[in-house]
$ cat model.txt   # compact mmCIF, C-alpha atoms
# COMPACT_ATOMS: atom_id res chain seq x y z
CA TRP A 29 -49.65 4.82 1.36
CA GLY A 30 -51.83 1.81 0.78
CA LYS A 31 -52.50 -1.34 2.76
CA SER A 32 -51.39 -3.59 -0.09
CA PHE A 33 -47.81 -4.91 -0.02
CA ASP A 34 -45.87 -3.36 -2.95
CA PRO A 35 -42.26 -4.52 -2.72
CA THR A 36 -39.53 -3.06 -4.93
CA ASP A 37 -35.96 -4.18 -5.52
CA VAL A 38 -33.79 -1.81 -3.51
CA ALA A 39 -30.48 -3.65 -3.69
CA ALA A 40 -28.62 -5.80 -6.16
CA LEU A 41 -25.37 -7.69 -5.81
CA LYS A 42 -22.76 -6.55 -8.33
CA PRO A 43 -19.66 -8.64 -7.71
CA ARG A 44 -16.23 -7.12 -8.25
CA LYS A 45 -13.59 -9.72 -9.05
CA LEU A 46 -10.41 -9.64 -6.97
CA LYS A 47 -7.83 -11.95 -8.52
CA THR A 48 -4.86 -13.12 -6.48
CA VAL A 49 -1.64 -14.35 -8.05
CA LEU A 50 0.68 -17.01 -6.65
CA ASN A 51 4.15 -15.65 -5.86
CA LYS A 52 7.18 -17.03 -4.06
CA VAL A 53 10.44 -16.04 -2.39
CA ASP A 54 13.41 -18.45 -2.32
CA PHE A 55 16.94 -18.03 -1.01
CA ALA A 56 19.73 -20.20 0.35
CA ILE A 57 22.58 -19.62 2.81
CA VAL A 58 25.78 -21.62 3.35
CA PRO A 59 26.76 -20.71 6.95
CA GLN A 60 30.28 -22.13 6.55
CA ASP A 61 31.00 -19.45 3.94
CA TYR A 62 31.15 -16.94 6.80
CA GLU A 63 34.38 -18.52 7.98
CA LYS A 64 36.14 -16.95 5.00
CA SER A 65 35.89 -13.58 6.74
CA TYR A 66 36.00 -12.12 10.24
CA LEU A 67 32.31 -13.01 10.62
CA GLY A 68 33.34 -16.59 11.21
CA GLN A 69 34.29 -15.67 14.78
CA PHE A 70 30.57 -15.47 15.63
CA ARG A 71 29.98 -19.12 14.80
CA LYS A 72 30.22 -21.77 17.48
CA LYS A 73 33.29 -23.91 17.96
CA GLY A 74 33.39 -26.91 15.65
CA GLN A 75 32.05 -27.55 12.17
CA LYS A 76 28.29 -27.32 12.50
CA PRO A 77 26.80 -26.67 9.01
CA GLY A 78 23.55 -25.25 10.38
CA ASP A 79 25.16 -22.73 12.73
CA TRP A 80 24.16 -19.33 11.31
CA PRO A 81 24.38 -16.67 14.04
CA PHE A 82 22.95 -13.93 11.81
CA GLN A 83 19.63 -15.59 11.08
CA ALA A 84 17.49 -13.31 13.29
CA TYR A 85 19.15 -10.17 11.90
CA VAL A 86 18.90 -11.19 8.25
CA MET A 87 15.33 -12.47 8.55
CA ASP A 88 14.24 -9.21 10.20
CA LYS A 89 15.73 -7.16 7.35
CA THR A 90 14.28 -9.53 4.75
CA MET A 91 10.76 -9.24 6.16
CA LYS A 92 11.01 -5.44 6.26
CA LYS A 93 12.09 -5.48 2.61
CA LEU A 94 9.16 -7.75 1.75
CA ASN A 95 6.74 -5.40 3.50
CA THR A 96 8.09 -2.60 1.31
CA GLU A 97 7.58 -4.79 -1.76
CA PHE A 98 3.97 -5.44 -0.70
CA GLU A 99 3.29 -1.73 -0.21
CA VAL A 100 4.82 -0.77 -3.57
CA ALA A 101 3.02 -3.58 -5.42
CA SER A 102 -0.38 -2.75 -3.92
CA TRP A 103 -0.13 0.71 -5.51
CA GLN A 104 2.23 0.49 -8.48
CA ALA A 105 1.79 -3.07 -9.77
CA VAL A 106 1.05 -3.56 -13.46
CA GLU A 107 0.35 -7.11 -14.60
CA GLU A 108 2.64 -8.46 -17.29
CA ALA A 109 0.86 -9.98 -20.29
CA ALA A 110 3.08 -13.06 -19.99
CA PRO A 111 4.64 -13.33 -16.51
CA SER A 112 8.03 -15.02 -16.41
CA ALA A 113 10.37 -16.40 -13.77
CA GLY A 114 12.20 -13.63 -11.97
CA ASP A 115 9.42 -11.06 -12.32
CA PHE A 116 8.94 -8.74 -9.37
CA LEU A 117 5.76 -8.92 -7.29
CA ARG A 118 4.69 -5.61 -8.83
CA GLN A 119 4.64 -7.27 -12.29
CA THR A 120 2.14 -10.01 -11.42
CA PHE A 121 -1.14 -8.11 -10.84
CA ASP A 122 -2.66 -4.64 -11.24
CA GLY A 123 -2.28 -2.31 -8.26
CA PHE A 124 -4.53 0.58 -7.26
CA LEU A 125 -2.95 3.15 -9.60
CA GLN A 126 -3.37 0.91 -12.64
CA ILE A 127 -6.94 0.02 -11.60
CA ILE A 128 -7.72 3.74 -11.39
CA LYS A 129 -6.14 4.32 -14.80
CA ASN A 130 -8.30 1.54 -16.26
CA ALA A 131 -11.43 2.96 -14.59
CA ILE A 132 -10.76 6.37 -16.17
CA THR A 133 -10.15 4.79 -19.59
CA SER A 134 -13.44 2.88 -19.38
CA ALA A 135 -15.27 6.05 -18.23
CA ALA A 136 -16.29 4.39 -14.96
CA ILE A 137 -14.99 7.48 -13.17
CA THR A 138 -14.18 11.03 -14.28
CA PRO A 139 -11.00 12.57 -12.86
CA VAL A 140 -10.98 16.06 -11.39
CA ALA A 141 -8.83 18.38 -13.51
CA THR A 142 -6.20 19.71 -11.14
CA GLY A 143 -3.22 20.05 -13.45
CA ALA A 144 0.22 19.74 -11.91
CA ILE A 145 0.22 19.75 -8.11
CA THR A 146 2.40 22.45 -6.59
CA GLU A 147 2.95 23.89 -3.14
CA ALA A 148 1.13 27.01 -4.33
CA ASN A 149 -2.06 25.24 -5.41
CA ILE A 150 -2.36 22.00 -3.42
CA ILE A 151 -4.74 23.43 -0.78
CA ALA A 152 -7.11 24.79 -3.44
CA LYS A 153 -6.92 21.61 -5.53
CA LEU A 154 -7.83 19.40 -2.59
CA ARG A 155 -10.83 21.62 -1.94
CA ASP A 156 -11.85 21.22 -5.60
CA MET A 157 -11.64 17.45 -5.28
CA TRP A 158 -13.56 17.51 -2.00
CA GLU A 159 -16.48 19.18 -3.78
CA VAL A 160 -16.92 16.04 -5.90
CA VAL A 161 -17.04 13.62 -2.94
CA GLY A 162 -20.57 12.32 -2.34
CA ILE A 163 -22.28 13.88 0.68
CA PRO A 164 -22.81 10.54 2.50
CA TYR A 165 -19.07 9.89 2.22
CA LYS A 166 -18.23 13.39 3.44
CA GLU A 167 -20.40 12.63 6.47
CA GLY A 168 -18.90 9.20 7.10
CA GLY A 169 -15.31 10.25 6.46
CA VAL A 170 -12.83 9.20 3.79
CA ASP A 171 -9.07 8.99 3.35
CA ILE A 172 -7.12 11.35 1.11
CA LEU A 173 -4.11 9.40 -0.13
CA MET A 174 -1.11 10.94 -1.86
CA SER A 175 2.63 10.53 -2.29
CA TYR A 176 5.02 11.72 0.39
CA THR A 177 6.17 14.48 -1.97
CA ASN A 178 2.66 15.92 -2.24
CA TYR A 179 2.00 15.31 1.44
CA ASP A 180 5.03 17.46 2.30
CA LYS A 181 3.84 20.12 -0.17
CA TYR A 182 0.51 20.25 1.65
CA ARG A 183 2.13 20.54 5.07
CA LYS A 184 4.40 23.37 3.96
CA ALA A 185 1.60 25.17 2.09
CA TYR A 186 -0.77 24.92 5.05
CA LYS A 187 1.84 26.11 7.51
CA ASP A 188 2.82 29.05 5.29
CA ALA A 189 -0.81 30.02 4.67
CA TYR A 190 -2.14 29.73 8.23
CA LYS A 191 1.06 29.94 10.30
CA ILE A 192 0.33 26.64 12.03
CA ASP A 193 1.55 23.12 11.43
CA PRO A 194 -1.55 21.02 10.60
CA ALA A 195 0.10 17.91 12.05
CA PHE A 196 1.48 19.46 15.23
CA THR A 197 -1.25 18.46 17.67
CA MET A 198 -2.25 15.33 15.79
CA ILE A 199 1.05 13.47 15.81
CA ASN A 200 1.02 13.56 19.61
CA ALA A 201 -1.75 10.96 19.60
CA SER A 202 -0.41 7.44 19.99
CA GLY A 203 -0.40 5.52 16.73
CA TYR A 204 -1.73 8.44 14.72
CA LYS A 205 -0.63 8.85 11.13
CA GLY A 206 -1.67 11.64 8.81
CA ILE A 207 -3.41 14.99 9.06
CA VAL A 208 -7.10 15.70 9.65
CA PHE A 209 -8.49 17.44 6.56
CA GLU A 210 -9.78 20.96 7.16
CA LEU A 211 -13.28 20.34 5.71
CA GLY A 212 -16.00 17.83 6.56
CA GLU A 213 -16.77 16.49 10.02
CA GLY A 214 -13.18 16.10 11.15
CA ASN A 215 -13.09 12.39 10.27
CA THR A 216 -11.32 12.70 6.90
CA THR A 217 -7.58 12.15 6.98
CA ILE A 218 -4.78 13.06 4.58
CA ILE A 219 -2.37 10.11 4.53
CA PRO A 220 0.99 9.75 2.76
CA ALA A 221 1.26 6.40 0.98
CA ALA A 222 4.86 5.31 0.49
CA GLY A 223 3.76 2.81 -2.13
CA MET A 224 2.63 5.61 -4.44
CA GLY A 225 6.26 6.54 -5.04
CA SER A 226 6.54 9.66 -7.21
CA SER A 227 2.96 9.49 -8.50
CA ASN A 228 1.03 12.78 -8.61
CA ARG A 229 -2.29 10.95 -8.37
CA ILE A 230 -4.42 11.96 -5.39
CA VAL A 231 -7.06 9.44 -4.30
CA ILE A 232 -10.06 10.21 -2.09
CA THR A 233 -12.14 7.22 -1.03
CA PRO A 234 -13.23 5.28 2.08
CA ARG A 235 -10.33 3.10 3.18
CA GLU A 236 -12.45 -0.05 3.03
CA ASN A 237 -12.90 0.59 -0.68
CA LEU A 238 -9.26 -0.35 -1.28
CA ALA A 239 -8.98 -4.12 -0.99
CA ILE A 240 -5.89 -6.30 -0.87
CA GLY A 241 -6.47 -10.01 -1.32
CA VAL A 242 -4.37 -12.81 0.19
CA ASP A 243 -5.03 -16.48 0.86
CA ASP A 244 -3.83 -16.36 4.48
CA PRO A 245 -1.65 -13.70 6.16
CA ALA A 246 0.23 -16.56 7.84
CA ASP A 247 1.58 -17.54 4.40
CA VAL A 248 3.98 -14.60 4.60
CA MET A 249 6.36 -16.58 6.75
CA PHE A 250 9.48 -18.44 5.72
CA ASN A 251 9.75 -22.21 5.75
CA VAL A 252 13.27 -23.36 6.70
CA GLU A 253 15.00 -26.62 5.84
CA ALA A 254 18.59 -27.81 6.13
CA ASP A 255 19.96 -29.51 3.02
CA LYS A 256 23.44 -30.82 3.73
CA ARG A 257 25.59 -27.65 4.04
CA GLU A 258 22.86 -25.22 2.95
CA LEU A 259 19.94 -23.63 4.72
CA HIS A 260 16.96 -23.18 2.41
CA PHE A 261 14.33 -20.50 3.01
CA TRP A 262 11.14 -20.22 0.98
CA MET A 263 7.59 -18.94 1.11
CA ASP A 264 4.59 -19.20 -1.23
CA PHE A 265 1.83 -16.62 -1.01
CA ARG A 266 -1.00 -15.12 -3.02
CA MET A 267 -1.63 -11.42 -3.48
CA GLY A 268 -3.88 -9.15 -5.51
CA ALA A 269 -5.60 -5.77 -5.26
CA GLN A 270 -8.97 -4.30 -6.22
CA ILE A 271 -11.03 -1.15 -5.75
CA LEU A 272 -14.54 -2.23 -4.87
CA LEU A 273 -16.74 0.75 -5.78
CA GLN A 274 -15.49 2.53 -8.88
CA LYS A 275 -18.01 5.35 -9.14
CA ASP A 276 -17.88 9.14 -9.13
CA GLY A 277 -18.39 10.50 -5.66
CA VAL A 278 -17.05 7.34 -4.04
CA LEU A 279 -13.69 7.10 -5.80
CA VAL A 280 -12.45 10.63 -6.46
CA VAL A 281 -9.11 11.11 -8.22
CA ASN A 282 -7.30 13.88 -10.04
CA ASP A 283 -6.06 13.84 -13.64
CA GLN A 284 -2.37 13.36 -12.84
CA LEU A 285 -0.40 10.12 -13.18
$ encode --input "model.txt" --output "C-alpha cells"
Amino acid sequence: WGKSFDPTDVAALKPRKLKTVLNKVDFAIVPQDYEKSYLGQFRKKGQKPGDWPFQAYVMDKTMKKLNTEFEVASWQAVEEAAPSAGDFLRQTFDGFLQIIKNAITSAAITPVATGAITEANIIAKLRDMWEVVGIPYKEGGVDILMSYTNYDKYRKAYKDAYKIDPAFTMINASGYKGIVFELGEGNTTIIPAAGMGSSNRIVITPRENLAIGVDDPADVMFNVEADKRELHFWMDFRMGAQILLQKDGVLVVNDQL
C-alpha cells in the first residue's frame, strides 16, 4: 500500500466480429388452382382470386419449418466460398460447430480427448470435460449442449447406473428443458440441441457465450401482396452466429465431430 495513485490497466476491449448475411424466402400461391381438386369446396362462392382458406394452416407450418432451419443453421452452417441463388440458410454463414472447428484448428482452444461417446462411457467423459471448466464458470453455471442421441445415451446410462431417472423430477417444472448436471452448484444444465443433428461434439459454455445475430426479430415475418391471380409471400432477414469467448475453460469441447 502507498498513498500515491498507481493505476494499472485491468481490462481491454477485444472485439469479436459477428457477421450477418442477408437471406430471403419467396413463394407464390394461386388459390384458384385448388378448384381442380376436392379442396375447392372450402373456397367461397364466386371467383375471388385472393380467397385462400388454407392460409393460416400453411403459414403456421411454414414458420415452424423456418424455425427448424434457423436452429439447424445456427449449429451446422458452413459458409460457401461463393454463395449462389438457391443455397440453403445453412450455406451462408458459419454456425457454432464450424466456429468450434476453426477455433481448434487455430489452437485457440484445446479439445478434451473423449474418443467415441457411448452409453457406457458418457457419464465418465462428461466428468472429464467438467474438470477443464474454469472454476468461476463452475460457480456461475454453464450449459452442456449435445445431440439428442447423446442426450438419450446419458439418460439411459444415468438411470442404469443409479436406478433413477435424472429428468424425472425436473421435467415437472413448468417450461423446464434439460437435466441438472450432477456436479457443480446445481445450476449447470445438460440440454439436447436439435440443431446439432448427429454430431458427437459436446459443448460446455455459458449460454450467453453463444450469440446469434439478426437485424430485427420482426423481419422474420412474411410480407403478402396480391398480384392478379397470385398471392406472393416473401421475407428478407439477416442471420449469423458467433462464439464470443473462445478460450480454454470458458469454451470446453470434446474431440469428436
$ residues_around --input "model.txt" --residues "Leu50 of chain A" --least-positions-apart "6" --cutoff "9 Å" --atoms "all atoms listed in the file" --output "mmCIF file with C-alpha atoms, in the frame of the given file"
data_model
loop_
_atom_site.group_PDB
_atom_site.id
_atom_site.type_symbol
_atom_site.label_atom_id
_atom_site.label_comp_id
_atom_site.auth_asym_id
_atom_site.auth_seq_id
_atom_site.Cartn_x
_atom_site.Cartn_y
_atom_site.Cartn_z
ATOM 1 C CA THR A 120 2.140 -10.010 -11.420
ATOM 2 C CA ASP A 264 4.590 -19.200 -1.230
ATOM 3 C CA PHE A 265 1.830 -16.620 -1.010
ATOM 4 C CA ARG A 266 -1.000 -15.120 -3.020
ATOM 5 C CA MET A 267 -1.630 -11.420 -3.480
#
$ closest_residue --input "model.txt" --among "A:Pro139, A:Pro77, A:Pro234, A:Pro43" --to "Gln284 of chain A" --atoms "only C-alpha atoms"
A:Pro139
$ atom_distance --input "model.txt" --atom1 "atom CA of Asp276 of chain A" --atom2 "atom CA of Asn130 of chain A"
14.2 Å
$ residues_around --input "model.txt" --residues "Pro164 of chain A" --least-positions-apart "4" --cutoff "12 Å" --atoms "all atoms listed in the file" --output "count of residues only"
10
$ atom_distance --input "model.txt" --atom1 "atom CA of Pro81 of chain A" --atom2 "atom CA of Tyr66 of chain A"
13.0 Å
$ closest_residue --input "model.txt" --among "A:Leu279, A:Ala269, A:Ala40, A:Ala185" --to "Gly162 of chain A" --atoms "all atoms listed in the file"
A:Leu279
$ closest_residue --input "model.txt" --among "A:Leu285, A:Met224, A:Leu211, A:Met87" --to "Asn251 of chain A" --atoms "all atoms listed in the file"
A:Met87
$ axis_aligned_box --input "model.txt" --around "segment 39-45 of chain A" --padding-each-side "4 Å" --output "lines of an AutoDock Vina configuration file"
center_x = -22.0
center_y = -6.7
center_z = -6.4
size_x = 24.9
size_y = 14.1
size_z = 13.4
$ closest_residue --input "model.txt" --among "A:Asp79, A:Asp88, A:Asp122, A:Asp156" --to "Phe250 of chain A" --atoms "all atoms listed in the file"
A:Asp88
$ residues_around --input "model.txt" --residues "Asp283 of chain A" --least-positions-apart "3" --cutoff "8 Å" --atoms "only C-alpha atoms" --output "list in words"
Pro139, Val140, Ala141, Thr142, Gly143 and Arg229 of chain A
$ write_last_selection --input "model.txt" --atoms "C-alpha atoms" --output "mmCIF file, keeping the file's coordinate frame"
data_model
loop_
_atom_site.group_PDB
_atom_site.id
_atom_site.type_symbol
_atom_site.label_atom_id
_atom_site.label_comp_id
_atom_site.auth_asym_id
_atom_site.auth_seq_id
_atom_site.Cartn_x
_atom_site.Cartn_y
_atom_site.Cartn_z
ATOM 1 C CA PRO A 139 -11.000 12.570 -12.860
ATOM 2 C CA VAL A 140 -10.980 16.060 -11.390
ATOM 3 C CA ALA A 141 -8.830 18.380 -13.510
ATOM 4 C CA THR A 142 -6.200 19.710 -11.140
ATOM 5 C CA GLY A 143 -3.220 20.050 -13.450
ATOM 6 C CA ARG A 229 -2.290 10.950 -8.370
#
$ closest_residue --input "model.txt" --among "A:Val281, A:Ala84, A:Ile230, A:Val208" --to "Ile150 of chain A" --atoms "all atoms listed in the file"
A:Ile230
$ atom_distance --input "model.txt" --atom1 "atom CA of Pro59 of chain A" --atom2 "atom CA of Trp80 of chain A"
5.3 Å
$ closest_residue --input "model.txt" --among "A:Val86, A:Ile127, A:Ile232, A:Leu41" --to "Leu154 of chain A" --atoms "all atoms listed in the file"
A:Ile232
$ residues_around --input "model.txt" --residues "Ala222 of chain A" --least-positions-apart "6" --cutoff "8 Å" --atoms "all atoms listed in the file" --output "ChimeraX atom specification"
/A:99-100,175-176
$ residues_near_point --input "model.txt" --point "(24.4, -29.7, 2.3)" --cutoff "12 Å" --atoms "only C-alpha atoms" --output "ChimeraX atom specification"
/A:56-60,76-78,253-260
$ write_last_selection --input "model.txt" --atoms "C-alpha atoms" --output "mmCIF file, keeping the file's coordinate frame"
data_model
loop_
_atom_site.group_PDB
_atom_site.id
_atom_site.type_symbol
_atom_site.label_atom_id
_atom_site.label_comp_id
_atom_site.auth_asym_id
_atom_site.auth_seq_id
_atom_site.Cartn_x
_atom_site.Cartn_y
_atom_site.Cartn_z
ATOM 1 C CA ALA A 56 19.730 -20.200 0.350
ATOM 2 C CA ILE A 57 22.580 -19.620 2.810
ATOM 3 C CA VAL A 58 25.780 -21.620 3.350
ATOM 4 C CA PRO A 59 26.760 -20.710 6.950
ATOM 5 C CA GLN A 60 30.280 -22.130 6.550
ATOM 6 C CA LYS A 76 28.290 -27.320 12.500
ATOM 7 C CA PRO A 77 26.800 -26.670 9.010
ATOM 8 C CA GLY A 78 23.550 -25.250 10.380
ATOM 9 C CA GLU A 253 15.000 -26.620 5.840
ATOM 10 C CA ALA A 254 18.590 -27.810 6.130
ATOM 11 C CA ASP A 255 19.960 -29.510 3.020
ATOM 12 C CA LYS A 256 23.440 -30.820 3.730
ATOM 13 C CA ARG A 257 25.590 -27.650 4.040
ATOM 14 C CA GLU A 258 22.860 -25.220 2.950
ATOM 15 C CA LEU A 259 19.940 -23.630 4.720
ATOM 16 C CA HIS A 260 16.960 -23.180 2.410
#
$ residues_around --input "model.txt" --residues "Ala113 of chain A" --least-positions-apart "5" --cutoff "12 Å" --atoms "only C-alpha atoms" --output "PyMOL selection string"
chain A and resi 51-53+108+119-120
$ build_atoms --input "model.txt" --residues "segment 161-196 of chain A" --atoms "N, CA and C atoms" --output "tab-separated table (two decimals), in the frame of the given file"
chain	number	residue	atom	x	y	z
A	161	VAL	N	-16.75	14.76	-3.82
A	161	VAL	CA	-17.04	13.62	-2.94
A	161	VAL	C	-18.52	13.62	-2.59
A	162	GLY	N	-19.15	12.44	-2.67
A	162	GLY	CA	-20.57	12.32	-2.34
A	162	GLY	C	-20.83	12.71	-0.90
A	163	ILE	N	-21.97	13.37	-0.66
A	163	ILE	CA	-22.28	13.88	0.68
A	163	ILE	C	-22.29	12.77	1.74
A	164	PRO	N	-22.87	11.59	1.47
A	164	PRO	CA	-22.81	10.54	2.50
A	164	PRO	C	-21.39	10.17	2.90
A	165	TYR	N	-20.46	10.25	1.93
A	165	TYR	CA	-19.07	9.89	2.22
A	165	TYR	C	-18.36	11.03	2.94
A	166	LYS	N	-18.75	12.27	2.66
A	166	LYS	CA	-18.23	13.39	3.44
A	166	LYS	C	-18.64	13.23	4.91
A	167	GLU	N	-19.88	12.80	5.11
A	167	GLU	CA	-20.40	12.63	6.47
A	167	GLU	C	-19.68	11.50	7.18
A	168	GLY	N	-19.50	10.37	6.47
A	168	GLY	CA	-18.90	9.20	7.10
A	168	GLY	C	-17.39	9.28	7.22
A	169	GLY	N	-16.76	10.12	6.40
A	169	GLY	CA	-15.31	10.25	6.46
A	169	GLY	C	-14.62	9.38	5.42
A	170	VAL	N	-13.60	9.93	4.80
A	170	VAL	CA	-12.83	9.20	3.79
A	170	VAL	C	-11.34	9.43	4.07
A	171	ASP	N	-10.51	8.75	3.30
A	171	ASP	CA	-9.07	8.99	3.35
A	171	ASP	C	-8.66	9.73	2.09
A	172	ILE	N	-7.72	10.65	2.24
A	172	ILE	CA	-7.12	11.35	1.11
A	172	ILE	C	-5.68	10.85	1.02
A	173	LEU	N	-5.40	10.06	-0.01
A	173	LEU	CA	-4.11	9.40	-0.13
A	173	LEU	C	-3.27	10.07	-1.21
A	174	MET	N	-2.00	10.29	-0.91
A	174	MET	CA	-1.11	10.94	-1.86
A	174	MET	C	0.32	10.52	-1.57
A	175	SER	N	1.23	10.85	-2.48
A	175	SER	CA	2.63	10.53	-2.29
A	175	SER	C	3.22	11.37	-1.16
A	176	TYR	N	4.35	10.95	-0.65
A	176	TYR	CA	5.02	11.72	0.39
A	176	TYR	C	5.43	13.09	-0.12
A	177	THR	N	5.79	13.19	-1.40
A	177	THR	CA	6.17	14.48	-1.97
A	177	THR	C	5.02	15.46	-1.89
A	178	ASN	N	3.82	15.04	-2.29
A	178	ASN	CA	2.66	15.92	-2.24
A	178	ASN	C	2.19	16.17	-0.81
A	179	TYR	N	2.34	15.15	0.03
A	179	TYR	CA	2.00	15.31	1.44
A	179	TYR	C	2.84	16.42	2.07
A	180	ASP	N	4.15	16.43	1.76
A	180	ASP	CA	5.03	17.46	2.30
A	180	ASP	C	4.69	18.83	1.70
A	181	LYS	N	4.28	18.86	0.43
A	181	LYS	CA	3.84	20.12	-0.17
A	181	LYS	C	2.64	20.68	0.59
A	182	TYR	N	1.70	19.80	0.93
A	182	TYR	CA	0.51	20.25	1.65
A	182	TYR	C	0.88	20.80	3.02
A	183	ARG	N	1.75	20.09	3.74
A	183	ARG	CA	2.13	20.54	5.07
A	183	ARG	C	2.79	21.92	5.02
A	184	LYS	N	3.71	22.08	4.07
A	184	LYS	CA	4.40	23.37	3.96
A	184	LYS	C	3.44	24.48	3.53
A	185	ALA	N	2.55	24.15	2.57
A	185	ALA	CA	1.60	25.17	2.09
A	185	ALA	C	0.65	25.59	3.20
A	186	TYR	N	0.16	24.62	3.97
A	186	TYR	CA	-0.77	24.92	5.05
A	186	TYR	C	-0.10	25.76	6.14
A	187	LYS	N	1.13	25.37	6.46
A	187	LYS	CA	1.84	26.11	7.51
A	187	LYS	C	2.15	27.54	7.07
A	188	ASP	N	2.52	27.71	5.79
A	188	ASP	CA	2.82	29.05	5.29
A	188	ASP	C	1.57	29.91	5.20
A	189	ALA	N	0.42	29.27	4.85
A	189	ALA	CA	-0.81	30.02	4.67
A	189	ALA	C	-1.45	30.42	6.00
A	190	TYR	N	-1.41	29.50	6.98
A	190	TYR	CA	-2.14	29.73	8.23
A	190	TYR	C	-1.24	29.85	9.45
A	191	LYS	N	0.07	29.75	9.23
A	191	LYS	CA	1.06	29.94	10.30
A	191	LYS	C	0.95	28.91	11.41
A	192	ILE	N	0.37	27.76	11.08
A	192	ILE	CA	0.33	26.64	12.03
A	192	ILE	C	0.69	25.37	11.28
A	193	ASP	N	1.23	24.42	12.01
A	193	ASP	CA	1.55	23.12	11.43
A	193	ASP	C	0.31	22.24	11.57
A	194	PRO	N	-0.31	21.79	10.49
A	194	PRO	CA	-1.55	21.02	10.60
A	194	PRO	C	-1.37	19.69	11.32
A	195	ALA	N	-0.13	19.20	11.41
A	195	ALA	CA	0.10	17.91	12.05
A	195	ALA	C	0.59	18.04	13.49
A	196	PHE	N	0.81	19.27	13.95
A	196	PHE	CA	1.48	19.46	15.23
A	196	PHE	C	0.76	18.77	16.38
